[in-house]
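A short write-up of the structure that comes next.
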Amino acid sequence: MPETLELNITGMDCTDCAITLEKGVGNLSGVADCKVNFATAKMHVTGVDNALDEVRIRKFIRDMGYGVAEKDQRPEILSGWSLAWAVIQRPRNFTALIGMILVLLAFAAGWLGLPEPVRISLFTIGGLVGIIYPARAGWMALRSGLGLDMNVLMTVAAVGAYMIGEYGEAATVIVLFSIGEALEGFTMERARDSIRSLMLLAPPEATVIQACIDCEGHLGQELPDGSGVYESGPCPWCDTHEQVVPVEALNVGDLILVKPGERIPMDGIVRTGRSAVDQSPITGESIPVEKEIGSEVYAGTVNSEGVLEIEITHLAEDNTLARLIHMVEEAQAQKTPAQRFVDRFAGVYTPAVVVGAVLIAAIPPLFFGQPFLDTPEAHGWLYRALAMLVIACPCALVIATPVTVVSAISSLAKRGVLVKGGAFLETLGQIKVIAFDKTGTLTHGRPELTAIACIDDCCHEARQRDVGVTCDHCDEMLALAAAVESRSNHPLARAVSRAARRQNLPEFRARQVEMLPGRGIRGLVDGKQITVGNHDLFHTDNGGIKVADCTLYVQNGHSAITSQDFCERVEAEEALGQTVMIVGQDDQLHGYVAVSDPPRHSSQQALAALKQVGIQHTVMLTGDNATVAQAMGSALGVDDVRAGLLPEDKLSAVQALMDEFEGVAMVGDGINDAPALAVATLGIAMGGAGTAQALETADIALMADDLSQLPAAVRLGRKALGTIRFNIWFALIIKAFFLVAAFLGVATMWMAVFADMGASLFVTLNGMRLLRSRT
């Protein structure tokens, strides 16, 4: 099958460059498809059958004036003068610089009073040097079917100006155009470096721990256990040794060593050691995360203090960092609605202005006796038409959106927020309502036992004075509850089982365990029926299930309590946000256990911060009972709480919110909430670094397992949307102003090209501000 060839292109300064390359290479014989990502400067060519096809494509790209970086070349991040020098060294930019020097010498010659032929010669040579690459690129654009791109328009304008005797303006136009393209290239390289810097996070080499294989020093010796002679395989006498190898040579299951201060080169699981790891490059977390045996670690993160031995779980091309970079590059290639509008507008604007320029050059002289060429009093209509050709270039318009999207997505990626396309970035800037799943999103998703009380009340008052008081009746109840709960995978059941193990309580075996959906569980333990369930289950009207009845007076052991006392204590626990499970034995109540899934430390702060960035309404969706949900919602500051929801109910709740509000974002873990995430205006999954599914299911993924970066993401989304709108309107106003000025004969050609290139640089730099946004 035809293969897909990926090439890193150098020298692309504008979106027209990408379009020209895409169409030119796409028209080559044998090429099935060609896509160029201007943001990342990458080309993907489908239909490359052999090495000769690749050589032919590379030669065509170089003939068009661009370069191709070598494969597997580790990116080099340049800045300041080193980046400027690298940009200047490109042939097109170098000739533009020479042309500019010659044009400046020509102006100097005029100021010094040198003969006119000297000045004209300098303008001519400078213009010829500056026009070489624009003319060649324009010709290639015409050949590839692109039509009148900016290189064609600038070349025609410069040649026309020279033919009517405007030597200085002809040379100035083409040189300023080329210099402007070089400056755009310089600024875009800085934007691209933000993603290239992610590629440098993971080191190219790793220290692998290897056993001594086929040890020559011990071949032929009798094995230590006397079972024979050592001939091959792992040496039983030699210890393991360390070897530095390229990460591409590592395999899943290899053991690598990471010392303090080193970056972790591969995704893996800690097998030996304990340390704090700085995960901020991947997840945006500001505080190092403690890692111990069994903990997951990610490539590109920094080991702070301890020595770690890590078993590799993913290859270099498939680790979390590689997936993050790949998805960011794909996201930057996707066009926003604003960008699609601009592309459509530019497709109409440029031909319309060219046609208008032809009509302006012809109609006034032919029908109204106006001067075709310049007069001492004013510019002729041909000159005005040439100035309009310069203004017809849509440079500032078409680059206004891409550079902003690239900058915003790159900035968010460094914060641990993956936005999977420019359209989602724009949507993020418009969201007014956010719905949150409770368990695992606002909370840790790992419930723990928080309270326990037996029915006879022997420990209630004592625990109010000292929460550490032990009670034999409570311990017995917890052990019996854990016996039946151990057969369930429900998070609440696991919390009860963990608590019993933590207290080293006797382990009982449960038989004939029966799940009571939505209410609880029951089974036989030592011949006694043990039931664990919610409050509603322990009432007379319970669907025919015979259990102890908490609506009656109960007698158990030492003292009697009324149903009102017991129910009030259960309701008091629920009012504190606890999920209460009552435990019964045969027809007697044992007491209750209360379980709580505590909110994440960042949830309350994140919800408050979202209000400050313009989120008008927050909603919590949960399957918990209303009392527990309301207590949690009140503690976190959520505006609206919707409780008792099954997964399909959450989907309906999101649809209802979308009917009520214009744009709704849904935040969940990306696994259990997939239907609700899919139907929402914007789906945001949390914990993307730990699960590939979260990266795939949502429009935006928070790489960290908390909400701390969500307010910053919303704020930057709003900034990006505002910047895109400002850039587009600024470019349109500049175009309109100079079109009118050119028509009236006020604007000169060099003023028009200076304004056009100046506007392009302005919108580029304005968009790049988001790279450094601290939100």
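Residues in the structure tokens are numbered from 1 in each chain, the chains being A, B, ... in the order shown, and ligands are numbered from 1 in the order shown.
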
Got a sec: who's within 9 Å of Thr313 of chain A, counting only C-alpha atoms, leaving out chain neighbours fewer than 4 positions off, as a ChimeraX atom specification?
-> /A:251-254,266-269,319

Selection near segment 404-421 of chain A, 7 Å with only C-alpha atoms, sequence-local residues under 2 positions removed, as a PDB file with all heavy atoms, in the first residue's frame:
```pdb
ATOM      1  N   ALA A  39       1.099  25.654  11.001  1.00  0.00           N
ATOM      2  CA  ALA A  39       1.436  25.937  12.398  1.00  0.00           C
ATOM      3  C   ALA A  39       2.671  25.172  12.845  1.00  0.00           C
ATOM      4  O   ALA A  39       3.520  25.711  13.563  1.00  0.00           O
ATOM      5  CB  ALA A  39       0.259  25.600  13.309  1.00  0.00           C
ATOM      6  N   ALA A 191       6.767  31.022  17.620  1.00  0.00           N
ATOM      7  CA  ALA A 191       5.538  30.336  18.028  1.00  0.00           C
ATOM      8  C   ALA A 191       5.711  28.821  17.914  1.00  0.00           C
ATOM      9  O   ALA A 191       5.285  28.064  18.784  1.00  0.00           O
ATOM     10  CB  ALA A 191       4.369  30.803  17.170  1.00  0.00           C
ATOM     11  N   SER A 194       7.437  26.846  20.702  1.00  0.00           N
ATOM     12  CA  SER A 194       6.716  26.497  21.925  1.00  0.00           C
ATOM     13  C   SER A 194       6.333  25.024  21.933  1.00  0.00           C
ATOM     14  O   SER A 194       6.312  24.378  22.979  1.00  0.00           O
ATOM     15  CB  SER A 194       5.469  27.366  22.073  1.00  0.00           C
ATOM     16  OG  SER A 194       4.568  27.132  21.007  1.00  0.00           O
ATOM     17  N   ILE A 195       6.024  24.457  20.761  1.00  0.00           N
ATOM     18  CA  ILE A 195       5.733  23.028  20.676  1.00  0.00           C
ATOM     19  C   ILE A 195       7.015  22.227  20.582  1.00  0.00           C
ATOM     20  O   ILE A 195       7.142  21.151  21.168  1.00  0.00           O
ATOM     21  CB  ILE A 195       4.828  22.736  19.468  1.00  0.00           C
ATOM     22  CG1 ILE A 195       3.433  23.266  19.748  1.00  0.00           C
ATOM     23  CG2 ILE A 195       4.748  21.244  19.171  1.00  0.00           C
ATOM     24  CD1 ILE A 195       2.781  22.652  20.968  1.00  0.00           C
ATOM     25  N   PRO A 281       5.525  19.832  33.669  1.00  0.00           N
ATOM     26  CA  PRO A 281       5.590  19.908  32.204  1.00  0.00           C
ATOM     27  C   PRO A 281       4.453  19.162  31.510  1.00  0.00           C
ATOM     28  O   PRO A 281       4.115  19.479  30.377  1.00  0.00           O
ATOM     29  CB  PRO A 281       6.952  19.265  31.878  1.00  0.00           C
ATOM     30  CG  PRO A 281       7.754  19.395  33.120  1.00  0.00           C
ATOM     31  CD  PRO A 281       6.776  19.267  34.228  1.00  0.00           C
ATOM     32  N   ILE A 282       3.870  18.145  32.169  1.00  0.00           N
ATOM     33  CA  ILE A 282       2.822  17.344  31.556  1.00  0.00           C
ATOM     34  C   ILE A 282       1.445  17.728  32.081  1.00  0.00           C
ATOM     35  O   ILE A 282       0.501  17.914  31.314  1.00  0.00           O
ATOM     36  CB  ILE A 282       3.062  15.836  31.817  1.00  0.00           C
ATOM     37  CG1 ILE A 282       4.434  15.420  31.270  1.00  0.00           C
ATOM     38  CG2 ILE A 282       1.953  14.989  31.191  1.00  0.00           C
ATOM     39  CD1 ILE A 282       4.571  15.544  29.783  1.00  0.00           C
ATOM     40  N   THR A 283       1.314  17.847  33.397  1.00  0.00           N
ATOM     41  CA  THR A 283      -0.002  18.055  34.003  1.00  0.00           C
ATOM     42  C   THR A 283      -0.258  19.481  34.458  1.00  0.00           C
ATOM     43  O   THR A 283      -1.398  19.831  34.763  1.00  0.00           O
ATOM     44  CB  THR A 283      -0.182  17.124  35.222  1.00  0.00           C
ATOM     45  OG1 THR A 283       0.754  17.514  36.244  1.00  0.00           O
ATOM     46  CG2 THR A 283       0.073  15.675  34.840  1.00  0.00           C
ATOM     47  N   GLY A 284       0.796  20.302  34.550  1.00  0.00           N
ATOM     48  CA  GLY A 284       0.626  21.670  35.034  1.00  0.00           C
ATOM     49  C   GLY A 284       0.566  21.786  36.542  1.00  0.00           C
ATOM     50  O   GLY A 284       0.392  22.894  37.069  1.00  0.00           O
ATOM     51  N   MET A 327      -1.280  15.233  19.522  1.00  0.00           N
ATOM     52  CA  MET A 327      -2.625  15.809  19.558  1.00  0.00           C
ATOM     53  C   MET A 327      -2.589  17.332  19.471  1.00  0.00           C
ATOM     54  O   MET A 327      -3.476  17.943  18.877  1.00  0.00           O
ATOM     55  CB  MET A 327      -3.358  15.349  20.816  1.00  0.00           C
ATOM     56  CG  MET A 327      -3.739  13.882  20.766  1.00  0.00           C
ATOM     57  SD  MET A 327      -4.775  13.390  22.164  1.00  0.00           S
ATOM     58  CE  MET A 327      -5.226  11.732  21.656  1.00  0.00           C
ATOM     59  N   VAL A 328      -1.573  17.950  20.050  1.00  0.00           N
ATOM     60  CA  VAL A 328      -1.443  19.408  19.947  1.00  0.00           C
ATOM     61  C   VAL A 328      -1.178  19.798  18.490  1.00  0.00           C
ATOM     62  O   VAL A 328      -1.754  20.762  17.982  1.00  0.00           O
ATOM     63  CB  VAL A 328      -0.320  19.921  20.862  1.00  0.00           C
ATOM     64  CG1 VAL A 328       0.008  21.376  20.551  1.00  0.00           C
ATOM     65  CG2 VAL A 328      -0.725  19.792  22.323  1.00  0.00           C
ATOM     66  N   ALA A 331      -4.335  19.507  16.661  1.00  0.00           N
ATOM     67  CA  ALA A 331      -5.249  20.583  17.059  1.00  0.00           C
ATOM     68  C   ALA A 331      -4.902  21.884  16.353  1.00  0.00           C
ATOM     69  O   ALA A 331      -5.784  22.624  15.911  1.00  0.00           O
ATOM     70  CB  ALA A 331      -5.206  20.774  18.576  1.00  0.00           C
ATOM     71  N   GLN A 332      -3.603  22.167  16.234  1.00  0.00           N
ATOM     72  CA  GLN A 332      -3.188  23.412  15.599  1.00  0.00           C
ATOM     73  C   GLN A 332      -3.511  23.425  14.108  1.00  0.00           C
ATOM     74  O   GLN A 332      -3.645  24.486  13.503  1.00  0.00           O
ATOM     75  CB  GLN A 332      -1.694  23.627  15.814  1.00  0.00           C
ATOM     76  CG  GLN A 332      -1.343  23.943  17.259  1.00  0.00           C
ATOM     77  CD  GLN A 332       0.142  24.110  17.462  1.00  0.00           C
ATOM     78  OE1 GLN A 332       0.954  23.598  16.704  1.00  0.00           O
ATOM     79  NE2 GLN A 332       0.518  24.825  18.498  1.00  0.00           N
ATOM     80  N   GLN A 334      -6.280  22.231  12.806  1.00  0.00           N
ATOM     81  CA  GLN A 334      -7.713  22.374  12.581  1.00  0.00           C
ATOM     82  C   GLN A 334      -8.094  23.851  12.556  1.00  0.00           C
ATOM     83  O   GLN A 334      -7.665  24.620  13.396  1.00  0.00           O
ATOM     84  CB  GLN A 334      -8.490  21.646  13.674  1.00  0.00           C
ATOM     85  CG  GLN A 334      -8.273  20.138  13.661  1.00  0.00           C
ATOM     86  CD  GLN A 334      -9.031  19.451  14.773  1.00  0.00           C
ATOM     87  OE1 GLN A 334      -9.929  20.037  15.365  1.00  0.00           O
ATOM     88  NE2 GLN A 334      -8.672  18.225  15.067  1.00  0.00           N
ATOM     89  N   ALA A 400      -4.222  36.224  10.799  1.00  0.00           N
ATOM     90  CA  ALA A 400      -4.752  36.771  12.060  1.00  0.00           C
ATOM     91  C   ALA A 400      -5.199  35.682  13.022  1.00  0.00           C
ATOM     92  O   ALA A 400      -4.957  35.758  14.227  1.00  0.00           O
ATOM     93  CB  ALA A 400      -5.923  37.716  11.757  1.00  0.00           C
ATOM     94  N   THR A 401      -5.857  34.648  12.498  1.00  0.00           N
ATOM     95  CA  THR A 401      -6.385  33.586  13.362  1.00  0.00           C
ATOM     96  C   THR A 401      -5.375  32.489  13.667  1.00  0.00           C
ATOM     97  O   THR A 401      -5.214  32.104  14.830  1.00  0.00           O
ATOM     98  CB  THR A 401      -7.660  32.986  12.741  1.00  0.00           C
ATOM     99  OG1 THR A 401      -8.623  34.016  12.567  1.00  0.00           O
ATOM    100  CG2 THR A 401      -8.245  31.904  13.631  1.00  0.00           C
ATOM    101  N   PRO A 402      -4.656  31.930  12.661  1.00  0.00           N
ATOM    102  CA  PRO A 402      -3.759  30.799  12.947  1.00  0.00           C
ATOM    103  C   PRO A 402      -2.718  31.077  14.012  1.00  0.00           C
ATOM    104  O   PRO A 402      -2.473  30.233  14.879  1.00  0.00           O
ATOM    105  CB  PRO A 402      -3.098  30.520  11.590  1.00  0.00           C
ATOM    106  CG  PRO A 402      -4.037  31.050  10.583  1.00  0.00           C
ATOM    107  CD  PRO A 402      -4.688  32.234  11.224  1.00  0.00           C
ATOM    108  N   ALA A 423     -11.476  25.163  16.881  1.00  0.00           N
ATOM    109  CA  ALA A 423     -12.918  25.354  17.068  1.00  0.00           C
ATOM    110  C   ALA A 423     -13.291  25.206  18.538  1.00  0.00           C
ATOM    111  O   ALA A 423     -14.122  25.955  19.063  1.00  0.00           O
ATOM    112  CB  ALA A 423     -13.687  24.338  16.222  1.00  0.00           C
ATOM    113  N   PHE A 424     -12.662  24.245  19.222  1.00  0.00           N
ATOM    114  CA  PHE A 424     -12.945  24.050  20.650  1.00  0.00           C
ATOM    115  C   PHE A 424     -12.370  25.209  21.478  1.00  0.00           C
ATOM    116  O   PHE A 424     -12.922  25.549  22.524  1.00  0.00           O
ATOM    117  CB  PHE A 424     -12.376  22.724  21.130  1.00  0.00           C
ATOM    118  CG  PHE A 424     -12.903  21.536  20.354  1.00  0.00           C
ATOM    119  CD1 PHE A 424     -12.040  20.631  19.777  1.00  0.00           C
ATOM    120  CD2 PHE A 424     -14.258  21.360  20.180  1.00  0.00           C
ATOM    121  CE1 PHE A 424     -12.523  19.552  19.055  1.00  0.00           C
ATOM    122  CE2 PHE A 424     -14.756  20.287  19.464  1.00  0.00           C
ATOM    123  CZ  PHE A 424     -13.886  19.371  18.896  1.00  0.00           C
ATOM    124  N   LEU A 425     -11.276  25.789  21.006  1.00  0.00           N
ATOM    125  CA  LEU A 425     -10.707  26.951  21.694  1.00  0.00           C
ATOM    126  C   LEU A 425     -11.692  28.121  21.638  1.00  0.00           C
ATOM    127  O   LEU A 425     -11.916  28.803  22.645  1.00  0.00           O
ATOM    128  CB  LEU A 425      -9.378  27.338  21.048  1.00  0.00           C
ATOM    129  CG  LEU A 425      -8.651  28.531  21.664  1.00  0.00           C
ATOM    130  CD1 LEU A 425      -8.142  28.186  23.059  1.00  0.00           C
ATOM    131  CD2 LEU A 425      -7.482  28.970  20.781  1.00  0.00           C
ATOM    132  N   ASP A 699     -13.284  16.970  24.076  1.00  0.00           N
ATOM    133  CA  ASP A 699     -12.788  18.060  23.233  1.00  0.00           C
ATOM    134  C   ASP A 699     -11.587  18.737  23.886  1.00  0.00           C
ATOM    135  O   ASP A 699     -10.714  19.260  23.196  1.00  0.00           O
ATOM    136  CB  ASP A 699     -13.896  19.094  23.015  1.00  0.00           C
ATOM    137  CG  ASP A 699     -15.174  18.459  22.486  1.00  0.00           C
ATOM    138  OD1 ASP A 699     -15.063  17.557  21.633  1.00  0.00           O
ATOM    139  OD2 ASP A 699     -16.270  18.846  22.939  1.00  0.00           O
ATOM    140  N   ILE A 700     -11.584  18.753  25.212  1.00  0.00           N
ATOM    141  CA  ILE A 700     -10.471  19.321  25.985  1.00  0.00           C
ATOM    142  C   ILE A 700     -10.136  18.325  27.091  1.00  0.00           C
ATOM    143  O   ILE A 700     -11.036  17.744  27.697  1.00  0.00           O
ATOM    144  CB  ILE A 700     -10.855  20.689  26.591  1.00  0.00           C
ATOM    145  CG1 ILE A 700     -11.113  21.715  25.479  1.00  0.00           C
ATOM    146  CG2 ILE A 700      -9.765  21.198  27.542  1.00  0.00           C
ATOM    147  CD1 ILE A 700     -11.579  23.061  25.989  1.00  0.00           C
ATOM    148  N   ALA A 701      -8.862  18.105  27.341  1.00  0.00           N
ATOM    149  CA  ALA A 701      -8.434  17.194  28.404  1.00  0.00           C
ATOM    150  C   ALA A 701      -7.554  17.941  29.392  1.00  0.00           C
ATOM    151  O   ALA A 701      -6.595  18.610  28.992  1.00  0.00           O
ATOM    152  CB  ALA A 701      -7.682  15.992  27.830  1.00  0.00           C
ATOM    153  N   LEU A 702      -7.908  17.842  30.671  1.00  0.00           N
ATOM    154  CA  LEU A 702      -7.060  18.356  31.743  1.00  0.00           C
ATOM    155  C   LEU A 702      -6.112  17.229  32.125  1.00  0.00           C
ATOM    156  O   LEU A 702      -6.545  16.197  32.644  1.00  0.00           O
ATOM    157  CB  LEU A 702      -7.899  18.790  32.943  1.00  0.00           C
ATOM    158  CG  LEU A 702      -9.017  19.799  32.667  1.00  0.00           C
ATOM    159  CD1 LEU A 702      -9.825  20.057  33.934  1.00  0.00           C
ATOM    160  CD2 LEU A 702      -8.450  21.095  32.117  1.00  0.00           C
ATOM    161  N   MET A 703      -4.815  17.393  31.864  1.00  0.00           N
ATOM    162  CA  MET A 703      -3.868  16.299  32.064  1.00  0.00           C
ATOM    163  C   MET A 703      -3.723  15.952  33.543  1.00  0.00           C
ATOM    164  O   MET A 703      -3.497  14.801  33.902  1.00  0.00           O
ATOM    165  CB  MET A 703      -2.507  16.673  31.481  1.00  0.00           C
ATOM    166  CG  MET A 703      -2.544  17.013  29.994  1.00  0.00           C
ATOM    167  SD  MET A 703      -3.121  15.659  28.974  1.00  0.00           S
ATOM    168  CE  MET A 703      -1.679  14.597  29.024  1.00  0.00           C
ATOM    169  N   ALA A 704      -3.847  16.935  34.427  1.00  0.00           N
ATOM    170  CA  ALA A 704      -3.774  16.675  35.871  1.00  0.00           C
ATOM    171  C   ALA A 704      -5.095  16.113  36.359  1.00  0.00           C
ATOM    172  O   ALA A 704      -6.134  16.254  35.708  1.00  0.00           O
ATOM    173  CB  ALA A 704      -3.435  17.952  36.627  1.00  0.00           C
ATOM    174  N   ALA A 713      -7.729  28.020  31.821  1.00  0.00           N
ATOM    175  CA  ALA A 713      -8.064  27.635  30.449  1.00  0.00           C
ATOM    176  C   ALA A 713      -9.235  28.466  29.915  1.00  0.00           C
ATOM    177  O   ALA A 713      -9.199  28.936  28.768  1.00  0.00           O
ATOM    178  CB  ALA A 713      -8.399  26.143  30.400  1.00  0.00           C
ATOM    179  N   ALA A 720      -8.196  34.457  23.773  1.00  0.00           N
ATOM    180  CA  ALA A 720      -7.946  34.033  22.396  1.00  0.00           C
ATOM    181  C   ALA A 720      -9.079  34.473  21.480  1.00  0.00           C
ATOM    182  O   ALA A 720      -8.840  34.990  20.373  1.00  0.00           O
ATOM    183  CB  ALA A 720      -7.765  32.516  22.335  1.00  0.00           C
ATOM    184  N   ILE A 724      -8.634  37.047  18.385  1.00  0.00           N
ATOM    185  CA  ILE A 724      -8.990  36.685  17.004  1.00  0.00           C
ATOM    186  C   ILE A 724      -9.924  37.731  16.402  1.00  0.00           C
ATOM    187  O   ILE A 724      -9.720  38.201  15.276  1.00  0.00           O
ATOM    188  CB  ILE A 724      -9.645  35.285  16.978  1.00  0.00           C
ATOM    189  CG1 ILE A 724      -8.600  34.205  17.259  1.00  0.00           C
ATOM    190  CG2 ILE A 724     -10.316  35.027  15.632  1.00  0.00           C
ATOM    191  CD1 ILE A 724      -9.188  32.833  17.477  1.00  0.00           C
ATOM    192  N   GLY A 767      -1.196  38.095  18.411  1.00  0.00           N
ATOM    193  CA  GLY A 767      -1.581  36.724  18.710  1.00  0.00           C
ATOM    194  C   GLY A 767      -0.554  36.008  19.564  1.00  0.00           C
ATOM    195  O   GLY A 767      -0.891  35.200  20.430  1.00  0.00           O
ATOM    196  N   MET A 768       0.725  36.314  19.340  1.00  0.00           N
ATOM    197  CA  MET A 768       1.798  35.649  20.091  1.00  0.00           C
ATOM    198  C   MET A 768       1.852  36.083  21.550  1.00  0.00           C
ATOM    199  O   MET A 768       2.522  35.429  22.354  1.00  0.00           O
ATOM    200  CB  MET A 768       3.140  35.921  19.421  1.00  0.00           C
ATOM    201  CG  MET A 768       3.361  35.109  18.153  1.00  0.00           C
ATOM    202  SD  MET A 768       4.984  35.415  17.456  1.00  0.00           S
ATOM    203  CE  MET A 768       6.027  34.818  18.780  1.00  0.00           C
ATOM    204  N   LEU A 770      -0.277  35.585  23.619  1.00  0.00           N
ATOM    205  CA  LEU A 770      -0.888  34.506  24.396  1.00  0.00           C
ATOM    206  C   LEU A 770       0.133  33.453  24.810  1.00  0.00           C
ATOM    207  O   LEU A 770      -0.113  32.682  25.737  1.00  0.00           O
ATOM    208  CB  LEU A 770      -2.019  33.855  23.601  1.00  0.00           C
ATOM    209  CG  LEU A 770      -3.163  34.789  23.183  1.00  0.00           C
ATOM    210  CD1 LEU A 770      -4.247  34.004  22.463  1.00  0.00           C
ATOM    211  CD2 LEU A 770      -3.752  35.498  24.388  1.00  0.00           C
ATOM    212  N   LEU A 771       1.263  33.399  24.100  1.00  0.00           N
ATOM    213  CA  LEU A 771       2.317  32.460  24.500  1.00  0.00           C
ATOM    214  C   LEU A 771       2.831  32.779  25.898  1.00  0.00           C
ATOM    215  O   LEU A 771       3.213  31.878  26.651  1.00  0.00           O
ATOM    216  CB  LEU A 771       3.486  32.510  23.511  1.00  0.00           C
ATOM    217  CG  LEU A 771       3.345  31.716  22.214  1.00  0.00           C
ATOM    218  CD1 LEU A 771       4.523  32.009  21.299  1.00  0.00           C
ATOM    219  CD2 LEU A 771       3.242  30.230  22.495  1.00  0.00           C
TER     220      LEU A 771
END
```

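Shortest separation to Met749 of chain A among A:Arg190, A:His473, A:Lys291, A:Arg384 occurs at residue A:Arg384, atoms counted being only C-alpha atoms.
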
Find the spatial neighbours of segment 245-249 of chain A, counting only C-alpha atoms, within a cut-off of 10 Å - ignore same-chain residues fewer than 3 positions away - and output them as a compact mmCIF listing (two decimals) with all heavy atoms, in the first residue's frame.
```txt
# COMPACT_ATOMS: atom_id res chain seq x y z
N ALA A 202 11.61 15.14 27.09
CA ALA A 202 12.10 13.79 27.38
C ALA A 202 13.52 13.65 26.85
O ALA A 202 13.80 13.97 25.68
CB ALA A 202 11.19 12.75 26.73
N PRO A 203 14.47 13.18 27.66
CA PRO A 203 15.86 13.03 27.20
C PRO A 203 15.97 11.98 26.10
O PRO A 203 15.18 11.04 26.03
CB PRO A 203 16.60 12.58 28.47
CG PRO A 203 15.55 12.03 29.36
CD PRO A 203 14.29 12.75 29.05
N PRO A 204 16.96 12.13 25.20
CA PRO A 204 17.10 11.18 24.08
C PRO A 204 17.71 9.84 24.50
O PRO A 204 17.66 8.88 23.73
CB PRO A 204 18.03 11.92 23.12
CG PRO A 204 18.85 12.82 23.99
CD PRO A 204 17.95 13.22 25.13
N GLU A 205 18.29 9.80 25.70
CA GLU A 205 18.94 8.57 26.15
C GLU A 205 18.43 8.19 27.55
O GLU A 205 17.92 9.03 28.29
CB GLU A 205 20.46 8.74 26.19
CG GLU A 205 21.07 8.98 24.82
CD GLU A 205 22.57 9.20 24.88
OE1 GLU A 205 23.04 9.76 25.90
OE2 GLU A 205 23.27 8.81 23.93
N ALA A 206 18.60 6.92 27.90
CA ALA A 206 18.17 6.42 29.20
C ALA A 206 19.20 5.43 29.73
O ALA A 206 19.91 4.78 28.95
CB ALA A 206 16.81 5.75 29.10
N THR A 207 19.28 5.36 31.05
CA THR A 207 20.17 4.38 31.69
C THR A 207 19.37 3.11 31.96
O THR A 207 18.48 3.10 32.82
CB THR A 207 20.73 4.94 33.01
OG1 THR A 207 21.42 6.17 32.74
CG2 THR A 207 21.69 3.94 33.64
N VAL A 208 19.66 2.06 31.20
CA VAL A 208 18.92 0.81 31.34
C VAL A 208 19.69 -0.15 32.24
O VAL A 208 20.92 -0.21 32.19
CB VAL A 208 18.65 0.17 29.95
CG1 VAL A 208 19.94 -0.21 29.25
CG2 VAL A 208 17.74 -1.03 30.08
N GLU A 242 24.64 -1.18 34.42
CA GLU A 242 23.95 -0.03 33.82
C GLU A 242 24.57 0.30 32.48
O GLU A 242 25.80 0.27 32.33
CB GLU A 242 24.02 1.18 34.75
CG GLU A 242 23.40 0.93 36.12
CD GLU A 242 23.68 2.06 37.09
OE1 GLU A 242 24.21 3.11 36.64
OE2 GLU A 242 23.41 1.90 38.29
N PRO A 265 12.86 9.50 31.20
CA PRO A 265 12.85 9.40 29.74
C PRO A 265 11.66 8.65 29.15
O PRO A 265 11.36 8.81 27.98
CB PRO A 265 14.16 8.65 29.43
CG PRO A 265 14.42 7.84 30.65
CD PRO A 265 13.86 8.61 31.81
N MET A 266 10.99 7.81 29.95
CA MET A 266 9.92 6.96 29.42
C MET A 266 8.77 6.86 30.42
O MET A 266 8.97 6.98 31.64
CB MET A 266 10.45 5.54 29.14
CG MET A 266 11.63 5.48 28.18
SD MET A 266 11.16 5.72 26.47
CE MET A 266 10.55 4.09 26.06
N LEU A 315 6.37 2.48 24.63
CA LEU A 315 7.51 2.81 23.80
C LEU A 315 7.60 4.33 23.65
O LEU A 315 6.66 5.07 23.93
CB LEU A 315 7.38 2.16 22.43
CG LEU A 315 7.35 0.62 22.41
CD1 LEU A 315 7.15 0.11 20.98
CD2 LEU A 315 8.63 0.05 23.00
N ALA A 316 8.77 4.80 23.17
CA ALA A 316 9.02 6.24 23.08
C ALA A 316 7.99 6.94 22.20
O ALA A 316 7.55 8.05 22.51
CB ALA A 316 10.43 6.48 22.53
N GLU A 317 7.57 6.28 21.11
CA GLU A 317 6.63 6.94 20.20
C GLU A 317 5.19 6.86 20.68
O GLU A 317 4.29 7.43 20.05
CB GLU A 317 6.72 6.32 18.79
CG GLU A 317 6.33 4.85 18.71
CD GLU A 317 7.52 3.92 18.92
OE1 GLU A 317 8.55 4.37 19.46
OE2 GLU A 317 7.41 2.74 18.53
```
